[in-house]
Amino acid sequence: MTISLTARALLLASTVALAPAALPAAWAETPADTLVVAATIDDIISLDPAQSFEFSGNDVTQSLYDRLVDFDPLALDKGFQPSLAESWEVSEDGKTITLTMKEGVKFQSGNPVRAEDAAWSLQRAVKLDKSPAFILTQFGLTPDNVEQMVKADGNKLTITMDQPYAESFVLNCLTASVASVVDKETALQHVEGDDLANTWLTTNGAGSGPYSLGAWRPNEAVQLIANDAYWGGAPAMKRVIVKNVQESSAQRLQLEKGDIDVARNLTPSDVEGLAGNDAIKVIDEPRGRILYMGMSQKDPLLSQAPVQQAMRHLVDFDGMANSFLKGQWKVHQAFLPEGYLGALDQNPWKYDVEAAKKILTDAGITSGTITTKVRDLREYLDVAQTLQASMAQAGLTLNIEQMTGAQVLDAYRAREVPIFLGEWGPDYADPNTNASTFAINPDNAAEKGSTLAWRNSYDVPKAMQDKVIAATLEGDSEKRKAMYMDIQTEYQASAPILPLFQRVEQNAMQKGIEGWSAGGAVTSVMYHKVTKGQ
């Protein structure tokens, strides 16, 4: 593929200006052993797996580190699989899980991967107590007790918990980035004070994963270098370069010119614009993010059951999914995303203005004004304006206040958003991650709370909360699946928080790319199975 000398020179000059010495300049066609990805990666704060909790950061740590159990990028539907732990067993009382480490695995430093490293990594994450630590501490682990609760004995790692949690719940959580196994001996060489090497690991790697960190320039680019000695097989792509390209149009242009292999953030119009280009293919992959509508129960109108029922009929699901959300969101009216244990494939709410009007009229409601505070993203605003139009037909007025993301979040956390329109992304690969935020609110009168139910002042019935808690303790996965499906069916009928759509990531790429996985709904992007063909 050719480009003009002027364009090539400009592209080269631009890339060199942004890139450190370790990062190569752009090519008209990418090398056969290098994968070049354009994405929005300005959310990376740290590459320490005990701290990283942003989408792009976890995309990097996924490749730098291994976990005790993990996913096969080419068979995500199989769920977690053995990784650094080759097997595990649960004690008779259900409170201790013992994992046997795979023999012969080495970190990129050459140090052996030991149960001692795994124990130290989990202990370290709990002690640091950064944002993702709750994924581990929900099992009763604390900075004070974690050394007694998580122990290594030879090639075995034991984790003791405060309750007999479901085996699948525990193992799903161990696939999270925070449970990555860090090279203890290497990390200890870089401790500053009591930071447990957090400062150093923010910009360096110490893992056993398929790639090591070549370079990271915040807001610019990340380069990964293949670990040819990787126990799971040397990656075909010897380098992976992820460039921070904010604009969809710029990603599309670079893809069409052959300067990148994959574009991850294209708008529906740019994806549509690639139709007919035989050199490009688009892979649709459902992700875990749910676009939902929260109706605050502090609002005198929204707290009325007839209004909540009417609102279920005032969302033009198909109209939005087939227009401005086309290809990148699909109708999904349950709080567990497709891809999770117990996900409910049931969409009972239908757009029907006349039905909504009848519900309101029968309840003696002929008018009313409600406010939404919406983040200044085009798709959120489009959803709000579509809802505004349908509500008007039913006699309800929706005032739209446009704000920055930070302003909306501050107001939402203060319970000051009557109607919230936004996304929720799962924190880990177990159904409890969403059940515990959509359907748990232990103290609705509390001044502070973290769950979505609390933010919407939804006083969840105790019986439903008890069911959510019981599901974390059910050892039979089939029974556990059925429990979550029952909870969601009950939730759909009565809760004032309405899941609307599930995110679909459309990754456009050169047609020769095979083995690509953005991680589905349950994990992060995985590069080590990617190959290039003609």
# chains A, B, ... in the order shown; residues from 1 in each chain; ligands from 1
$ select_by_dssp --residues "segment 116-154 of chain A" --states "strand (DSSP E)" --output "list in words"
Val150, Lys151, Ala152 and Asp153 of chain A
$ write_last_selection --atoms "all heavy atoms" --output "compact mmCIF listing (two decimals), in the first residue's frame"
# COMPACT_ATOMS: atom_id res chain seq x y z
N VAL A 150 -3.64 -16.19 53.72
CA VAL A 150 -3.08 -16.56 52.42
C VAL A 150 -1.65 -17.03 52.65
O VAL A 150 -0.79 -16.25 53.05
CB VAL A 150 -3.09 -15.37 51.43
CG1 VAL A 150 -2.47 -15.79 50.10
CG2 VAL A 150 -4.51 -14.86 51.23
N LYS A 151 -1.39 -18.30 52.39
CA LYS A 151 -0.09 -18.88 52.72
C LYS A 151 0.42 -19.78 51.59
O LYS A 151 -0.36 -20.35 50.83
CB LYS A 151 -0.17 -19.69 54.01
CG LYS A 151 -0.47 -18.90 55.26
CD LYS A 151 -0.49 -19.80 56.48
CE LYS A 151 -0.74 -19.04 57.76
NZ LYS A 151 -0.76 -19.93 58.95
N ALA A 152 1.74 -19.90 51.54
CA ALA A 152 2.39 -20.82 50.60
C ALA A 152 3.04 -21.94 51.40
O ALA A 152 3.61 -21.71 52.47
CB ALA A 152 3.44 -20.09 49.79
N ASP A 153 2.95 -23.15 50.86
CA ASP A 153 3.60 -24.32 51.45
C ASP A 153 4.11 -25.16 50.31
O ASP A 153 3.35 -25.88 49.66
CB ASP A 153 2.62 -25.09 52.32
CG ASP A 153 3.27 -26.31 53.00
OD1 ASP A 153 4.51 -26.43 52.92
OD2 ASP A 153 2.53 -27.13 53.58
$ select_by_dssp --residues "segment 5-187 of chain A" --states "helix (DSSP H, G or I)" --output "MDAnalysis selection string"
chainID A and resid 5:18 55:64 76:78 115:128 131:137 146:149 167:173 177:179 184:187
$ closest_atom_pairs --of "segment 389-435 of chain A" --to "segment 356-362 of chain A" --cutoff "12 Å" --atoms "only C-alpha atoms" --output "CSV"
residue,atom,partner,partner_atom,distance
A:Ser390,CA,A:Ala356,CA,9.8
A:Met391,CA,A:Ala356,CA,9.0
A:Ala392,CA,A:Lys357,CA,10.4
A:Gln393,CA,A:Lys357,CA,8.2
A:Ala394,CA,A:Lys357,CA,5.1
A:Gly395,CA,A:Lys357,CA,7.8
A:Leu396,CA,A:Lys357,CA,9.7
$ write_last_selection --atoms "all heavy atoms" --output "short mmCIF file (atom, residue, chain, number, x, y, z; two decimals), in the first residue's frame"
data_model
loop_
_atom_site.label_atom_id
_atom_site.label_comp_id
_atom_site.auth_asym_id
_atom_site.auth_seq_id
_atom_site.Cartn_x
_atom_site.Cartn_y
_atom_site.Cartn_z
N SER A 390 -40.06 10.98 23.81
CA SER A 390 -41.11 9.99 24.08
C SER A 390 -41.86 10.32 25.37
O SER A 390 -43.08 10.13 25.46
CB SER A 390 -40.51 8.58 24.15
OG SER A 390 -39.56 8.47 25.19
N MET A 391 -41.15 10.85 26.36
CA MET A 391 -41.82 11.25 27.61
C MET A 391 -42.81 12.38 27.35
O MET A 391 -43.91 12.42 27.94
CB MET A 391 -40.79 11.66 28.66
CG MET A 391 -40.00 10.49 29.25
SD MET A 391 -38.66 11.01 30.38
CE MET A 391 -39.61 11.77 31.70
N ALA A 392 -42.43 13.29 26.46
CA ALA A 392 -43.32 14.41 26.15
C ALA A 392 -44.64 13.91 25.58
O ALA A 392 -45.71 14.49 25.86
CB ALA A 392 -42.64 15.36 25.17
N GLN A 393 -44.58 12.85 24.79
CA GLN A 393 -45.81 12.29 24.23
C GLN A 393 -46.74 11.73 25.30
O GLN A 393 -47.94 11.61 25.08
CB GLN A 393 -45.47 11.19 23.23
CG GLN A 393 -44.72 11.66 21.99
CD GLN A 393 -44.43 10.51 21.05
OE1 GLN A 393 -45.35 9.87 20.53
NE2 GLN A 393 -43.15 10.23 20.83
N ALA A 394 -46.13 11.38 26.46
CA ALA A 394 -46.94 10.84 27.55
C ALA A 394 -47.26 11.89 28.60
O ALA A 394 -47.78 11.57 29.68
CB ALA A 394 -46.20 9.67 28.20
N GLY A 395 -46.94 13.16 28.31
CA GLY A 395 -47.28 14.24 29.21
C GLY A 395 -46.23 14.56 30.25
O GLY A 395 -46.46 15.37 31.16
N LEU A 396 -45.06 13.93 30.14
CA LEU A 396 -43.98 14.16 31.11
C LEU A 396 -42.89 15.01 30.48
O LEU A 396 -42.53 14.82 29.32
CB LEU A 396 -43.38 12.83 31.59
CG LEU A 396 -44.34 11.86 32.28
CD1 LEU A 396 -43.61 10.57 32.63
CD2 LEU A 396 -44.95 12.49 33.53
#
$ closest_residue --among "A:Val307, A:Glu272, A:Ser524, A:Asp430" --to "Arg480 of chain A" --atoms "only C-alpha atoms"
A:Asp430
$ closest_residue --among "A:Ala439, A:Met295, A:Val60, A:Met464" --to "Val222 of chain A" --atoms "only C-alpha atoms"
A:Val60
$ closest_residue --among "A:Asp33, A:Glu338, A:Asp48, A:Glu185" --to "His528 of chain A" --atoms "only C-alpha atoms"
A:Asp33
$ closest_residue --among "A:Ser436, A:Ala453, A:Val374, A:Ala305" --to "Ser494 of chain A" --atoms "only C-alpha atoms"
A:Ala305
$ closest_residue --among "A:Val417, A:Val170, A:Ala508, A:Val353" --to "Val282 of chain A" --atoms "only C-alpha atoms"
A:Ala508
$ residues_around --residues "Ala493 of chain A" --least-positions-apart "5" --cutoff "10 Å" --atoms "only C-alpha atoms" --output "JSON, numbers by chain"
{"A": [309, 312, 348, 349, 488, 498]}
$ atom_distance --atom1 "atom CA of Asn456 of chain A" --atom2 "atom CA of Phe501 of chain A"
18.7 Å
$ closest_atom_pairs --of "segment 12-128 of chain A" --to "segment 244-267 of chain A" --cutoff "10 Å" --atoms "only C-alpha atoms" --output "JSON lines"
{"residue": "A:Ala26", "atom": "CA", "partner": "A:Asp259", "partner_atom": "CA", "distance": 6.4}
{"residue": "A:Trp27", "atom": "CA", "partner": "A:Asp259", "partner_atom": "CA", "distance": 5.5}
{"residue": "A:Ala28", "atom": "CA", "partner": "A:Asp259", "partner_atom": "CA", "distance": 5.0}
{"residue": "A:Glu29", "atom": "CA", "partner": "A:Gly258", "partner_atom": "CA", "distance": 4.9}
{"residue": "A:Thr30", "atom": "CA", "partner": "A:Asp259", "partner_atom": "CA", "distance": 6.1}
{"residue": "A:Pro31", "atom": "CA", "partner": "A:Asp259", "partner_atom": "CA", "distance": 9.9}
{"residue": "A:Thr34", "atom": "CA", "partner": "A:Asp261", "partner_atom": "CA", "distance": 9.0}
{"residue": "A:Leu35", "atom": "CA", "partner": "A:Asp261", "partner_atom": "CA", "distance": 6.2}
{"residue": "A:Val36", "atom": "CA", "partner": "A:Ile260", "partner_atom": "CA", "distance": 5.0}
{"residue": "A:Val37", "atom": "CA", "partner": "A:Val262", "partner_atom": "CA", "distance": 4.7}
{"residue": "A:Ala38", "atom": "CA", "partner": "A:Ala263", "partner_atom": "CA", "distance": 5.0}
{"residue": "A:Ala39", "atom": "CA", "partner": "A:Arg264", "partner_atom": "CA", "distance": 5.2}
{"residue": "A:Thr40", "atom": "CA", "partner": "A:Asn244", "partner_atom": "CA", "distance": 5.1}
{"residue": "A:Ile41", "atom": "CA", "partner": "A:Asn244", "partner_atom": "CA", "distance": 5.3}
{"residue": "A:Asp42", "atom": "CA", "partner": "A:Asn244", "partner_atom": "CA", "distance": 6.9}
$ write_last_selection --atoms "N, CA, C and O atoms" --output "PDB file, in the first residue's frame"
ATOM      1  N   ALA A  26       6.129   5.129  12.409  1.00  0.00           N
ATOM      2  CA  ALA A  26       5.027   4.491  11.695  1.00  0.00           C
ATOM      3  C   ALA A  26       5.510   3.910  10.366  1.00  0.00           C
ATOM      4  O   ALA A  26       6.507   4.354   9.809  1.00  0.00           O
ATOM      5  N   TRP A  27       4.769   2.912   9.894  1.00  0.00           N
ATOM      6  CA  TRP A  27       5.082   2.294   8.609  1.00  0.00           C
ATOM      7  C   TRP A  27       3.891   2.455   7.683  1.00  0.00           C
ATOM      8  O   TRP A  27       2.758   2.573   8.143  1.00  0.00           O
ATOM      9  N   ALA A  28       4.143   2.402   6.404  1.00  0.00           N
ATOM     10  CA  ALA A  28       3.029   2.373   5.459  1.00  0.00           C
ATOM     11  C   ALA A  28       2.301   1.046   5.583  1.00  0.00           C
ATOM     12  O   ALA A  28       1.094   0.978   5.420  1.00  0.00           O
ATOM     13  N   GLU A  29       3.040  -0.024   5.856  1.00  0.00           N
ATOM     14  CA  GLU A  29       2.451  -1.314   6.184  1.00  0.00           C
ATOM     15  C   GLU A  29       3.193  -1.839   7.399  1.00  0.00           C
ATOM     16  O   GLU A  29       4.414  -1.739   7.478  1.00  0.00           O
ATOM     17  N   THR A  30       2.480  -2.384   8.343  1.00  0.00           N
ATOM     18  CA  THR A  30       3.117  -2.815   9.577  1.00  0.00           C
ATOM     19  C   THR A  30       3.938  -4.082   9.334  1.00  0.00           C
ATOM     20  O   THR A  30       3.568  -4.916   8.510  1.00  0.00           O
ATOM     21  N   PRO A  31       5.039  -4.268  10.074  1.00  0.00           N
ATOM     22  CA  PRO A  31       5.859  -5.474   9.916  1.00  0.00           C
ATOM     23  C   PRO A  31       5.068  -6.734  10.229  1.00  0.00           C
ATOM     24  O   PRO A  31       4.117  -6.716  11.019  1.00  0.00           O
ATOM     25  N   THR A  34       4.760  -7.611  13.983  1.00  0.00           N
ATOM     26  CA  THR A  34       4.379  -6.522  14.887  1.00  0.00           C
ATOM     27  C   THR A  34       2.896  -6.201  14.721  1.00  0.00           C
ATOM     28  O   THR A  34       2.409  -6.059  13.610  1.00  0.00           O
ATOM     29  N   LEU A  35       2.216  -6.093  15.848  1.00  0.00           N
ATOM     30  CA  LEU A  35       0.805  -5.716  15.849  1.00  0.00           C
ATOM     31  C   LEU A  35       0.706  -4.268  16.303  1.00  0.00           C
ATOM     32  O   LEU A  35       1.164  -3.917  17.389  1.00  0.00           O
ATOM     33  N   VAL A  36       0.125  -3.425  15.461  1.00  0.00           N
ATOM     34  CA  VAL A  36      -0.025  -2.008  15.786  1.00  0.00           C
ATOM     35  C   VAL A  36      -1.519  -1.715  15.958  1.00  0.00           C
ATOM     36  O   VAL A  36      -2.313  -1.952  15.049  1.00  0.00           O
ATOM     37  N   VAL A  37      -1.860  -1.205  17.133  1.00  0.00           N
ATOM     38  CA  VAL A  37      -3.256  -0.983  17.505  1.00  0.00           C
ATOM     39  C   VAL A  37      -3.461   0.502  17.791  1.00  0.00           C
ATOM     40  O   VAL A  37      -2.641   1.133  18.465  1.00  0.00           O
ATOM     41  N   ALA A  38      -4.541   1.054  17.291  1.00  0.00           N
ATOM     42  CA  ALA A  38      -4.938   2.422  17.641  1.00  0.00           C
ATOM     43  C   ALA A  38      -6.109   2.334  18.615  1.00  0.00           C
ATOM     44  O   ALA A  38      -7.091   1.635  18.366  1.00  0.00           O
ATOM     45  N   ALA A  39      -5.978   3.039  19.732  1.00  0.00           N
ATOM     46  CA  ALA A  39      -7.021   3.011  20.753  1.00  0.00           C
ATOM     47  C   ALA A  39      -6.943   4.289  21.570  1.00  0.00           C
ATOM     48  O   ALA A  39      -5.986   5.060  21.453  1.00  0.00           O
ATOM     49  N   THR A  40      -7.931   4.498  22.397  1.00  0.00           N
ATOM     50  CA  THR A  40      -7.902   5.612  23.343  1.00  0.00           C
ATOM     51  C   THR A  40      -7.359   5.077  24.658  1.00  0.00           C
ATOM     52  O   THR A  40      -8.032   4.310  25.341  1.00  0.00           O
ATOM     53  N   ILE A  41      -6.127   5.446  24.995  1.00  0.00           N
ATOM     54  CA  ILE A  41      -5.461   4.865  26.169  1.00  0.00           C
ATOM     55  C   ILE A  41      -5.033   5.939  27.170  1.00  0.00           C
ATOM     56  O   ILE A  41      -4.113   5.727  27.964  1.00  0.00           O
ATOM     57  N   ASP A  42      -5.701   7.073  27.145  1.00  0.00           N
ATOM     58  CA  ASP A  42      -5.309   8.145  28.061  1.00  0.00           C
ATOM     59  C   ASP A  42      -5.827   7.932  29.477  1.00  0.00           C
ATOM     60  O   ASP A  42      -5.629   8.774  30.352  1.00  0.00           O
TER      61      ASP A  42
END
$ atom_distance --atom1 "atom CA of Thr98 of chain A" --atom2 "atom CA of Leu157 of chain A"
5.6 Å
$ residues_around --residues "Asp284 of chain A" --least-positions-apart "3" --cutoff "8 Å" --atoms "only C-alpha atoms" --output "list of chain:residue names"
A:Gly327, A:Val504, A:Glu505, A:Gln506, A:Asn507
$ write_last_selection --atoms "N, CA, C and O atoms" --output "PDB file, in the first residue's frame"
ATOM      1  N   GLY A 327     -24.939  -1.112  15.996  1.00  0.00           N
ATOM      2  CA  GLY A 327     -23.725  -1.912  15.943  1.00  0.00           C
ATOM      3  C   GLY A 327     -22.896  -1.874  17.207  1.00  0.00           C
ATOM      4  O   GLY A 327     -22.073  -2.766  17.433  1.00  0.00           O
ATOM      5  N   VAL A 504     -21.323  -3.335  22.608  1.00  0.00           N
ATOM      6  CA  VAL A 504     -20.719  -4.221  21.613  1.00  0.00           C
ATOM      7  C   VAL A 504     -19.508  -3.484  21.064  1.00  0.00           C
ATOM      8  O   VAL A 504     -19.637  -2.385  20.521  1.00  0.00           O
ATOM      9  N   GLU A 505     -18.337  -4.065  21.249  1.00  0.00           N
ATOM     10  CA  GLU A 505     -17.133  -3.420  20.727  1.00  0.00           C
ATOM     11  C   GLU A 505     -16.904  -3.877  19.298  1.00  0.00           C
ATOM     12  O   GLU A 505     -16.839  -5.079  19.022  1.00  0.00           O
ATOM     13  N   GLN A 506     -16.804  -2.902  18.411  1.00  0.00           N
ATOM     14  CA  GLN A 506     -16.540  -3.202  17.003  1.00  0.00           C
ATOM     15  C   GLN A 506     -15.075  -2.896  16.715  1.00  0.00           C
ATOM     16  O   GLN A 506     -14.675  -1.739  16.624  1.00  0.00           O
ATOM     17  N   ASN A 507     -14.285  -3.955  16.597  1.00  0.00           N
ATOM     18  CA  ASN A 507     -12.878  -3.798  16.301  1.00  0.00           C
ATOM     19  C   ASN A 507     -12.658  -4.014  14.805  1.00  0.00           C
ATOM     20  O   ASN A 507     -12.951  -5.088  14.278  1.00  0.00           O
TER      21      ASN A 507
END
$ residues_around --residues "segment 127-138 of chain A" --least-positions-apart "5" --cutoff "9 Å" --atoms "only C-alpha atoms" --output "list in words"
Pro49, Ala50, Gln51, Ser52, Phe53, Leu122, Pro143, Asp144, Val146, Val170, Cys173, Leu174, Ala176, Ser177, Val178, Ala179, Asp195, Leu196, Asn198, Asp427, Tyr428 and Thr433 of chain A
$ write_last_selection --atoms "N, CA and C atoms" --output "PDB file, in the first residue's frame"
ATOM      1  N   PRO A  49      -0.477  -4.123  38.886  1.00  0.00           N
ATOM      2  CA  PRO A  49      -1.761  -4.840  38.898  1.00  0.00           C
ATOM      3  C   PRO A  49      -2.537  -4.679  40.203  1.00  0.00           C
ATOM      4  N   ALA A  50      -1.851  -4.315  41.280  1.00  0.00           N
ATOM      5  CA  ALA A  50      -2.537  -4.083  42.542  1.00  0.00           C
ATOM      6  C   ALA A  50      -3.244  -2.737  42.562  1.00  0.00           C
ATOM      7  N   GLN A  51      -2.966  -1.906  41.564  1.00  0.00           N
ATOM      8  CA  GLN A  51      -3.571  -0.576  41.500  1.00  0.00           C
ATOM      9  C   GLN A  51      -4.385  -0.352  40.237  1.00  0.00           C
ATOM     10  N   SER A  52      -3.943  -0.908  39.122  1.00  0.00           N
ATOM     11  CA  SER A  52      -4.598  -0.666  37.839  1.00  0.00           C
ATOM     12  C   SER A  52      -6.070  -1.067  37.899  1.00  0.00           C
ATOM     13  N   PHE A  53      -6.945  -0.109  37.532  1.00  0.00           N
ATOM     14  CA  PHE A  53      -8.375  -0.399  37.581  1.00  0.00           C
ATOM     15  C   PHE A  53      -9.094   0.293  36.434  1.00  0.00           C
ATOM     16  N   LEU A 122      -0.916 -11.650  46.440  1.00  0.00           N
ATOM     17  CA  LEU A 122      -2.250 -11.430  46.990  1.00  0.00           C
ATOM     18  C   LEU A 122      -2.174 -10.641  48.296  1.00  0.00           C
ATOM     19  N   PRO A 143      -5.657  -6.260  55.687  1.00  0.00           N
ATOM     20  CA  PRO A 143      -4.210  -6.065  55.836  1.00  0.00           C
ATOM     21  C   PRO A 143      -3.661  -6.731  57.096  1.00  0.00           C
ATOM     22  N   ASP A 144      -4.475  -6.828  58.130  1.00  0.00           N
ATOM     23  CA  ASP A 144      -4.002  -7.403  59.391  1.00  0.00           C
ATOM     24  C   ASP A 144      -3.984  -8.930  59.375  1.00  0.00           C
ATOM     25  N   VAL A 146      -4.170 -10.983  56.409  1.00  0.00           N
ATOM     26  CA  VAL A 146      -3.931 -11.637  55.117  1.00  0.00           C
ATOM     27  C   VAL A 146      -2.731 -12.581  55.131  1.00  0.00           C
ATOM     28  N   VAL A 170     -14.994 -17.499  43.884  1.00  0.00           N
ATOM     29  CA  VAL A 170     -13.588 -17.274  44.252  1.00  0.00           C
ATOM     30  C   VAL A 170     -12.690 -17.301  43.017  1.00  0.00           C
ATOM     31  N   CYS A 173     -12.979 -14.361  40.651  1.00  0.00           N
ATOM     32  CA  CYS A 173     -12.285 -13.177  41.169  1.00  0.00           C
ATOM     33  C   CYS A 173     -10.774 -13.288  40.987  1.00  0.00           C
ATOM     34  N   LEU A 174     -10.249 -14.503  40.999  1.00  0.00           N
ATOM     35  CA  LEU A 174      -8.810 -14.692  40.824  1.00  0.00           C
ATOM     36  C   LEU A 174      -8.359 -14.490  39.376  1.00  0.00           C
ATOM     37  N   ALA A 176      -9.045 -11.645  37.955  1.00  0.00           N
ATOM     38  CA  ALA A 176      -8.930 -10.190  37.877  1.00  0.00           C
ATOM     39  C   ALA A 176      -7.472  -9.750  37.906  1.00  0.00           C
ATOM     40  N   SER A 177      -7.213  -8.582  37.346  1.00  0.00           N
ATOM     41  CA  SER A 177      -5.846  -8.053  37.301  1.00  0.00           C
ATOM     42  C   SER A 177      -5.220  -7.962  38.679  1.00  0.00           C
ATOM     43  N   VAL A 178      -6.018  -7.613  39.690  1.00  0.00           N
ATOM     44  CA  VAL A 178      -5.487  -7.447  41.042  1.00  0.00           C
ATOM     45  C   VAL A 178      -4.919  -8.750  41.593  1.00  0.00           C
ATOM     46  N   ALA A 179      -5.315  -9.877  41.033  1.00  0.00           N
ATOM     47  CA  ALA A 179      -4.823 -11.182  41.478  1.00  0.00           C
ATOM     48  C   ALA A 179      -3.636 -11.667  40.642  1.00  0.00           C
ATOM     49  N   ASP A 195       6.083   1.163  50.312  1.00  0.00           N
ATOM     50  CA  ASP A 195       5.204   1.130  49.128  1.00  0.00           C
ATOM     51  C   ASP A 195       5.107  -0.225  48.466  1.00  0.00           C
ATOM     52  N   LEU A 196       5.849  -1.234  48.973  1.00  0.00           N
ATOM     53  CA  LEU A 196       5.806  -2.584  48.404  1.00  0.00           C
ATOM     54  C   LEU A 196       6.029  -2.564  46.893  1.00  0.00           C
ATOM     55  N   ASN A 198       5.228  -0.318  44.766  1.00  0.00           N
ATOM     56  CA  ASN A 198       4.136   0.261  43.977  1.00  0.00           C
ATOM     57  C   ASN A 198       4.647   1.349  43.032  1.00  0.00           C
ATOM     58  N   ASP A 427     -16.563  -5.178  37.606  1.00  0.00           N
ATOM     59  CA  ASP A 427     -15.229  -5.072  38.199  1.00  0.00           C
ATOM     60  C   ASP A 427     -14.456  -6.378  38.132  1.00  0.00           C
ATOM     61  N   TYR A 428     -15.177  -7.482  37.994  1.00  0.00           N
ATOM     62  CA  TYR A 428     -14.522  -8.788  37.893  1.00  0.00           C
ATOM     63  C   TYR A 428     -15.473  -9.739  37.186  1.00  0.00           C
ATOM     64  N   THR A 433     -20.472  -9.325  40.805  1.00  0.00           N
ATOM     65  CA  THR A 433     -19.980  -7.968  40.575  1.00  0.00           C
ATOM     66  C   THR A 433     -21.116  -7.008  40.241  1.00  0.00           C
TER      67      THR A 433
END
$ closest_residue --among "A:Met293, A:Ala429, A:Ala355, A:Ile370" --to "Pro496 of chain A" --atoms "only C-alpha atoms"
A:Met293
$ atom_distance --atom1 "atom CA of Ala215 of chain A" --atom2 "atom CA of Asn58 of chain A"
15.7 Å
$ residues_around --residues "Gly214 of chain A" --least-positions-apart "5" --cutoff "10 Å" --atoms "only C-alpha atoms" --output "PyMOL selection string"
chain A and resi 22-23+204-205+222-226+239-241
